[in-house]
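Shown below: upload09.txt, with compact mmCIF, C-alpha atoms (C1' of nucleotides).
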```txt
# COMPACT_ATOMS: atom_id res chain seq x y z
CA MET A 865 59.07 102.97 16.38
CA PRO A 866 58.80 106.54 15.15
CA ARG A 867 61.59 106.69 12.62
CA PRO A 868 65.12 107.40 13.74
CA ARG A 869 64.87 111.10 12.89
CA ALA A 870 68.04 113.08 12.72
CA ALA A 871 70.02 110.70 14.89
CA GLY A 872 71.95 113.77 15.89
CA ARG A 873 75.30 112.46 14.89
CA THR A 874 76.78 111.57 11.57
CA ILE A 875 75.51 113.24 8.43
CA ALA A 876 75.50 111.62 5.01
CA HIS A 877 77.45 113.36 2.26
CA PRO A 878 77.23 112.36 -1.40
CA ASN A 879 80.20 111.24 -3.39
CA LEU A 880 80.78 114.03 -5.88
CA SER A 881 80.83 111.56 -8.75
CA ALA A 882 77.17 110.97 -7.97
CA VAL A 883 76.30 114.63 -8.23
CA SER A 884 74.99 116.08 -11.48
CA LEU A 885 75.68 119.48 -12.96
CA GLN A 886 71.98 120.11 -12.74
CA GLN A 887 72.05 119.55 -9.00
CA VAL A 888 74.94 121.94 -8.48
CA LEU A 889 73.39 124.65 -10.61
CA ASP A 890 70.06 124.21 -8.86
CA ALA A 891 71.90 124.68 -5.59
CA LEU A 892 73.81 127.74 -6.71
CA VAL A 893 70.99 129.54 -8.46
CA ASP A 894 69.16 130.47 -5.28
CA PRO A 895 70.29 133.86 -3.93
CA VAL A 896 70.08 132.78 -0.30
CA ARG A 897 72.13 129.65 -0.90
CA ARG A 898 74.64 131.63 -2.91
CA ALA A 899 74.90 134.07 -0.01
CA VAL A 900 75.72 131.14 2.25
CA VAL A 901 78.34 129.88 -0.17
CA THR A 902 79.82 133.32 -0.58
CA GLN A 903 80.08 133.87 3.15
CA LEU A 904 81.72 130.49 3.52
CA GLY A 905 84.13 131.37 0.76
CA ARG A 906 85.06 134.66 2.33
CA ALA A 907 85.48 133.23 5.81
CA GLY A 908 87.67 130.42 4.51
CA GLU A 909 86.69 128.50 7.60
CA GLU A 910 83.86 126.57 9.07
CA ILE A 911 80.85 128.53 10.19
CA SER A 912 78.03 127.40 12.45
CA CYS A 913 74.56 127.29 10.98
CA GLY A 914 73.30 130.14 13.07
CA SER A 915 76.08 132.52 12.14
CA PHE A 916 74.97 133.30 8.63
CA ASP A 917 73.60 136.62 7.54
CA VAL A 918 70.58 135.68 5.49
CA PRO A 919 67.06 137.11 5.36
CA VAL A 920 65.12 133.90 5.95
CA SER A 921 63.75 131.96 8.90
CA VAL A 922 65.72 129.25 10.62
CA SER A 923 63.66 126.44 9.19
CA THR A 924 64.13 127.76 5.69
CA LEU A 925 67.85 127.99 6.28
CA THR A 926 67.94 124.35 7.30
CA HIS A 927 66.31 123.49 4.01
CA HIS A 928 68.95 125.43 2.08
CA PHE A 929 71.74 123.66 3.94
CA ASN A 930 70.26 120.33 2.96
CA VAL A 931 70.14 121.32 -0.69
CA LEU A 932 73.73 122.52 -0.62
CA ARG A 933 74.92 119.39 1.13
CA GLU A 934 73.08 117.04 -1.21
CA ALA A 935 74.59 118.91 -4.14
CA GLY A 936 78.02 118.30 -2.70
CA VAL A 937 78.76 121.98 -2.28
CA ILE A 938 79.19 121.97 1.49
CA ARG A 939 80.21 119.55 4.21
CA GLN A 940 78.58 119.55 7.63
CA TYR A 941 79.29 117.98 11.00
CA TYR A 942 78.05 118.40 14.51
CA VAL A 943 79.90 119.94 17.41
CA GLY A 944 77.55 119.54 20.32
CA THR A 945 74.24 121.09 19.37
CA THR A 946 76.02 123.23 16.83
CA LYS A 947 76.42 122.23 13.23
CA MET A 948 79.47 123.46 11.37
CA ASN A 949 79.65 124.11 7.63
CA ALA A 950 82.50 124.14 5.16
CA LEU A 951 82.87 124.33 1.41
CA ARG A 952 83.98 121.25 -0.52
CA SER A 953 86.02 123.46 -2.81
CA GLU A 954 88.73 121.05 -3.84
CA GLU A 955 86.38 118.18 -4.56
CA MET A 956 84.09 120.45 -6.52
CA GLN A 957 87.06 121.69 -8.47
CA GLU A 958 87.82 118.14 -9.51
CA ARG A 959 84.25 117.31 -10.40
CA PHE A 960 83.32 120.56 -12.15
CA PRO A 961 86.54 122.46 -12.81
CA GLY A 962 86.22 126.19 -12.48
CA LEU A 963 82.53 126.22 -11.72
CA LEU A 964 82.42 126.96 -8.01
CA SER A 965 85.38 129.30 -8.18
CA ALA A 966 83.76 131.25 -11.00
CA VAL A 967 80.58 131.69 -9.00
CA LEU A 968 82.54 132.67 -5.92
CA ALA A 969 84.55 135.19 -7.90
CA ALA A 970 81.46 136.65 -9.50
CA SER A 971 79.64 136.87 -6.19
CA GLY A 972 82.62 138.49 -4.59
CA SER A 973 83.07 141.27 -7.13
CA ASP A 974 80.29 143.16 -8.84
CA ALA A 975 77.74 140.42 -9.24
CA GLN A 976 75.02 142.99 -9.51
CA PRO A 977 74.83 145.38 -12.45
CA THR A 978 74.47 149.02 -11.43
CA GLU A 979 72.52 149.19 -8.23
CA ALA A 980 74.46 150.27 -5.20
CA MET B 161 47.83 151.08 -33.48
CA PRO B 162 48.62 147.56 -32.41
CA ARG B 163 52.11 148.04 -30.97
CA PRO B 164 55.13 147.64 -33.26
CA ARG B 165 55.55 143.96 -32.35
CA ALA B 166 58.72 142.25 -33.32
CA ALA B 167 59.55 144.72 -36.07
CA GLY B 168 61.19 141.77 -37.75
CA ARG B 169 64.57 143.36 -37.94
CA THR B 170 67.00 144.46 -35.32
CA ILE B 171 67.03 142.76 -31.95
CA ALA B 172 68.09 144.45 -28.73
CA HIS B 173 71.00 142.92 -26.83
CA PRO B 174 71.99 143.94 -23.32
CA ASN B 175 75.37 145.35 -22.44
CA LEU B 176 76.97 142.65 -20.33
CA SER B 177 77.81 145.15 -17.64
CA ALA B 178 74.08 145.43 -17.08
CA VAL B 179 73.65 141.71 -16.60
CA SER B 180 73.69 140.21 -13.12
CA LEU B 181 75.11 136.90 -12.01
CA GLN B 182 71.62 135.95 -10.95
CA GLN B 183 70.36 136.46 -14.48
CA VAL B 184 73.07 134.32 -15.99
CA LEU B 185 72.58 131.53 -13.50
CA ASP B 186 68.82 131.67 -13.99
CA ALA B 187 69.45 131.30 -17.70
CA LEU B 188 71.89 128.43 -17.36
CA VAL B 189 70.00 126.43 -14.76
CA ASP B 190 67.27 125.31 -17.13
CA PRO B 191 68.11 122.00 -18.83
CA VAL B 192 66.60 123.01 -22.15
CA ARG B 193 68.47 126.29 -22.24
CA ARG B 194 71.67 124.55 -21.25
CA ALA B 195 71.12 122.10 -24.09
CA VAL B 196 70.87 125.05 -26.45
CA VAL B 197 74.05 126.56 -25.08
CA THR B 198 75.87 123.26 -25.26
CA GLN B 199 74.86 122.67 -28.85
CA LEU B 200 75.98 126.16 -29.73
CA GLY B 201 79.26 125.53 -27.98
CA ARG B 202 79.87 122.30 -29.83
CA ALA B 203 78.93 123.72 -33.21
CA GLY B 204 81.18 126.71 -32.70
CA GLU B 205 79.03 128.47 -35.25
CA GLU B 206 75.71 130.17 -35.63
CA ILE B 207 72.69 127.93 -35.66
CA SER B 208 69.17 128.78 -36.76
CA CYS B 209 66.42 128.60 -34.18
CA GLY B 210 64.77 125.64 -35.78
CA SER B 211 67.91 123.51 -35.90
CA PHE B 212 68.15 122.72 -32.22
CA ASP B 213 67.51 119.32 -30.78
CA VAL B 214 65.33 120.04 -27.79
CA PRO B 215 62.20 118.33 -26.48
CA VAL B 216 59.91 121.37 -26.35
CA SER B 217 57.45 123.12 -28.61
CA VAL B 218 58.48 125.95 -30.87
CA SER B 219 56.79 128.61 -28.78
CA THR B 220 58.56 127.40 -25.67
CA LEU B 221 61.83 127.48 -27.51
CA THR B 222 61.25 131.10 -28.44
CA HIS B 223 60.82 131.85 -24.77
CA HIS B 224 64.12 130.19 -23.91
CA PHE B 225 65.94 132.14 -26.59
CA ASN B 226 64.60 135.35 -25.11
CA VAL B 227 65.85 134.42 -21.66
CA LEU B 228 69.28 133.52 -22.98
CA ARG B 229 69.54 136.70 -25.00
CA GLU B 230 68.43 138.93 -22.13
CA ALA B 231 70.99 137.24 -19.92
CA GLY B 232 73.66 138.10 -22.45
CA VAL B 233 74.52 134.50 -23.15
CA ILE B 234 73.61 134.49 -26.83
CA ARG B 235 73.43 136.93 -29.70
CA GLN B 236 70.72 136.74 -32.35
CA TYR B 237 70.04 138.29 -35.72
CA TYR B 238 67.70 137.73 -38.58
CA VAL B 239 68.53 136.30 -41.95
CA GLY B 240 65.29 136.43 -43.84
CA THR B 241 62.66 134.67 -41.77
CA THR B 242 65.38 132.70 -40.08
CA LYS B 243 66.94 133.79 -36.84
CA MET B 244 70.54 132.86 -36.19
CA ASN B 245 72.09 132.28 -32.77
CA ALA B 246 75.62 132.54 -31.44
CA LEU B 247 77.28 132.43 -28.04
CA ARG B 248 78.71 135.62 -26.58
CA SER B 249 81.60 133.62 -25.18
CA GLU B 250 84.28 136.27 -25.10
CA GLU B 251 82.11 138.93 -23.56
CA MET B 252 80.83 136.52 -20.96
CA GLN B 253 84.39 135.57 -20.17
CA GLU B 254 85.16 139.19 -19.41
CA ARG B 255 82.06 139.74 -17.34
CA PHE B 256 82.06 136.43 -15.43
CA PRO B 257 85.45 134.81 -15.94
CA GLY B 258 85.35 131.05 -16.18
CA LEU B 259 81.64 130.71 -15.64
CA LEU B 260 80.32 129.92 -19.09
CA SER B 261 83.36 127.83 -19.98
CA ALA B 262 82.96 125.80 -16.80
CA VAL B 263 79.34 125.08 -17.60
CA LEU B 264 80.19 124.20 -21.18
CA ALA B 265 82.95 121.89 -20.04
CA ALA B 266 80.72 120.21 -17.48
CA SER B 267 77.90 119.78 -19.97
CA GLY B 268 80.29 118.39 -22.52
CA SER B 269 81.80 115.70 -20.34
CA ASP B 270 79.95 113.60 -17.81
CA ALA B 271 77.48 116.13 -16.51
CA GLN B 272 75.24 113.35 -15.33
CA PRO B 273 76.29 111.03 -12.51
CA THR B 274 75.98 107.35 -13.29
CA GLU B 275 73.00 106.85 -15.50
CA ALA B 276 73.85 105.80 -19.01
C1' DG C 1317 49.27 138.56 -55.02
C1' DC C 1318 49.26 134.04 -52.68
C1' DA C 1319 50.65 130.26 -50.36
C1' DC C 1320 54.14 128.61 -47.42
C1' DA C 1321 57.74 128.64 -43.94
C1' DA C 1322 59.91 130.56 -39.70
C1' DC C 1323 59.33 132.55 -35.70
C1' DT C 1324 56.58 135.45 -32.19
C1' DT C 1325 52.87 136.79 -29.13
C1' DC C 1326 49.18 135.85 -26.11
C1' DG C 1327 46.62 133.66 -22.52
C1' DA C 1328 45.99 129.59 -19.73
C1' DT C 1329 47.60 125.76 -17.07
C1' DG C 1330 50.30 122.98 -14.02
C1' DG C 1331 54.01 121.74 -11.02
C1' DG C 1332 57.86 122.72 -8.28
C1' DC C 1333 60.20 125.10 -4.74
C1' DG C 1334 61.10 128.73 -1.42
C1' DT C 1335 58.85 130.31 2.53
C1' DC C 1336 56.90 130.08 7.08
C1' DG C 1337 55.12 128.55 11.92
C1' DT C 1338 54.84 124.99 15.02
C1' DA C 1339 56.19 120.90 17.17
C1' DT C 1340 60.14 117.85 18.10
C1' DT C 1341 64.83 116.17 18.94
C1' DA C 1342 69.55 116.59 20.59
C1' DT C 1343 73.10 118.46 23.56
C1' DC C 1344 74.99 121.15 27.29
C1' DG C 1345 75.02 123.48 31.97
C1' DG C 1346 73.47 123.56 36.52
C1' DC D 165 66.32 116.07 36.26
C1' DC D 166 65.32 120.66 34.26
C1' DG D 167 65.79 124.42 31.52
C1' DA D 168 67.93 126.61 27.67
C1' DT D 169 69.94 126.60 23.17
C1' DA D 170 70.61 124.83 18.34
C1' DA D 171 68.86 122.82 14.79
C1' DT D 172 65.42 119.54 12.25
C1' DA D 173 60.91 117.63 10.60
C1' DC D 174 56.43 118.50 8.93
C1' DG D 175 52.65 120.34 6.56
C1' DA D 176 50.70 124.20 4.23
C1' DC D 177 50.69 128.13 1.28
C1' DG D 178 51.79 131.12 -2.59
C1' DC D 179 54.28 132.40 -6.43
C1' DC D 180 57.05 131.97 -10.28
C1' DC D 181 58.12 129.80 -14.52
C1' DA D 182 58.23 126.24 -18.07
C1' DT D 183 54.97 124.49 -21.06
C1' DC D 184 51.52 124.41 -24.59
C1' DG D 185 48.13 125.59 -28.56
C1' DA D 186 46.22 128.89 -31.45
C1' DA D 187 46.49 133.09 -33.80
C1' DG D 188 49.42 136.63 -35.72
C1' DT D 189 53.53 138.73 -38.18
C1' DT D 190 57.35 138.80 -41.41
C1' DG D 191 59.83 137.35 -45.30
C1' DT D 192 60.55 134.19 -49.60
C1' DG D 193 59.44 132.26 -53.92
C1' DC D 194 56.57 131.30 -57.57
```
Have the structure of the file written as structure tokens, please.
Amino acid sequence: MPRPRAAGRTIAHPNLSAVSLQQVLDALVDPVRRAVVTQLGRAGEEISCGSFDVPVSVSTLTHHFNVLREAGVIRQYYVGTTKMNALRSEEMQERFPGLLSAVLAASGSDAQPTEA
Amino acid sequence: MPRPRAAGRTIAHPNLSAVSLQQVLDALVDPVRRAVVTQLGRAGEEISCGSFDVPVSVSTLTHHFNVLREAGVIRQYYVGTTKMNALRSEEMQERFPGLLSAVLAASGSDAQPTEA
DNA sequence: GCACAACTTCGATGGGCGTCGTATTATCGG
DNA sequence: CCGATAATACGACGCCCATCGAAGTTGTGC
């Protein structure tokens, strides 16, 4: 009976009322995770896990997706062997008004000082 | 010639255009620093370094003030041996619209899930 | 000038987390 | 049933940072 593992199907998502500000900030403070969020924000649509432009290995990326999901920032579901990702923008807006949108806006414009 | 040290007087503050989103998030993600920011937000006024209610030693607190100041979140100046602190709310609002206010709002209300 | 109070600086320590490679599971197409 | 593809689970490793205590600096008041 080697534990059920991923079960391949349904994925658990937290109720946003059970998510703390600390969790969300922890999720958004990592540059790689913020890149994921930003790309999701730009696309406005679901994106498969493998379609992100980030400078880390696949296993690391999986870890980041878990953190984002557990923080309530993204929603995920399977389509075959592919896992799709989407922002939980509206729910986040209710839970922490203005927070996610502020980060998205800042990431979108000149998030970096003078270095380009 | 033991370097000038603190010089006791004027303190250097960054221009907010030279501050990155990463810096600000790094500053705000720490619970102790966020407690400082929250208490400053509530007070609406300057507070001396020693008047904060945080569960760390004095030397650690000094470190946190440095991080907050270098991230452009707070402004500091000496009054005798006392150092006063104030939020740079308006400037932050211009640089990263909605960010600081969102964090303040979230910290103020139920930032924690269900644990009280 | 001296003691005291407020804060800083320095060096050391510990824990957490981002990172990776490898092995494993799940799904689809022949 | 077999291979290929997509993603996860599992340790392990290294670094960064929050933390502290002790010593130092600056200013105040007597």
Sorted per-residue table, chain D near chain A, closest atoms and distance, 9 Å, all atoms listed in the file, as JSON lines:
```
{"residue": "D:DT169", "atom": "C1'", "partner": "A:Thr945", "partner_atom": "CA", "distance": 8.0}
{"residue": "D:DA170", "atom": "C1'", "partner": "A:Thr945", "partner_atom": "CA", "distance": 5.3}
{"residue": "D:DA171", "atom": "C1'", "partner": "A:Thr945", "partner_atom": "CA", "distance": 7.3}
{"residue": "D:DT172", "atom": "C1'", "partner": "A:Ala870", "partner_atom": "CA", "distance": 7.0}
{"residue": "D:DA173", "atom": "C1'", "partner": "A:Arg869", "partner_atom": "CA", "distance": 8.0}
```
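Atom C1' of DA168 of chain D is positioned 28.8 Å from atom CA of Ala907 of chain A.
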Check your understanding: Quick one: distance from atom C1' of DC1320 of chain C to atom CA of Glu206 of chain B in Å, one decimal?
Key -> 24.6 Å
**Study point:** Selected residue, from C:DG1345, C:DT1340, C:DA1319, C:DT1335, that lies nearest to chain A when counting all atoms listed in the file
**Key:** C:DT1335
Point to revise | Å distance separating atom CA of Ser180 of chain B from atom CA of Glu230 of chain B, one decimal place | key: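 These two atoms are separated by 10.5 Å.
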Point to revise | Given only C-alpha atoms as the counted atoms, nearest of B:Asn245, B:Gln199, B:Ser177, B:Thr170 to chain A | key: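 Smallest separation from chain A among the options: B:Ser177.
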Point to revise | Exercise answer, chain B residues close to chain A, 7 Å and all atoms listed in the file, as a VMD selection string | key: chain B and resid 177 to 182 185 to 186 189 256 to 259 262 to 263 266 271 to 274
Practice item. Go through A:Ile938, A:Val901, A:Ile911, A:Val920 one by one, measure the shortest atom-to-atom distance of each to chain C using all atoms listed in the file, and give the residue with the smallest value. Key: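 Nearest to chain C: A:Val920.
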Review point. If we count only C-alpha atoms (C1' of nucleotides), which residues of chain C reach to within 8 Å of chain B? Please list them as an MDAnalysis selection string.
Key: chainID C and resid 1322:1324
Exercise for review: Write out as a ChimeraX atom specification which residues come within 10 Å of DA187 of chain D when counting all atoms listed in the file, dropping same-chain ones fewer than 2 positions away.
Suggested key: /C:1325-1326 /D:185
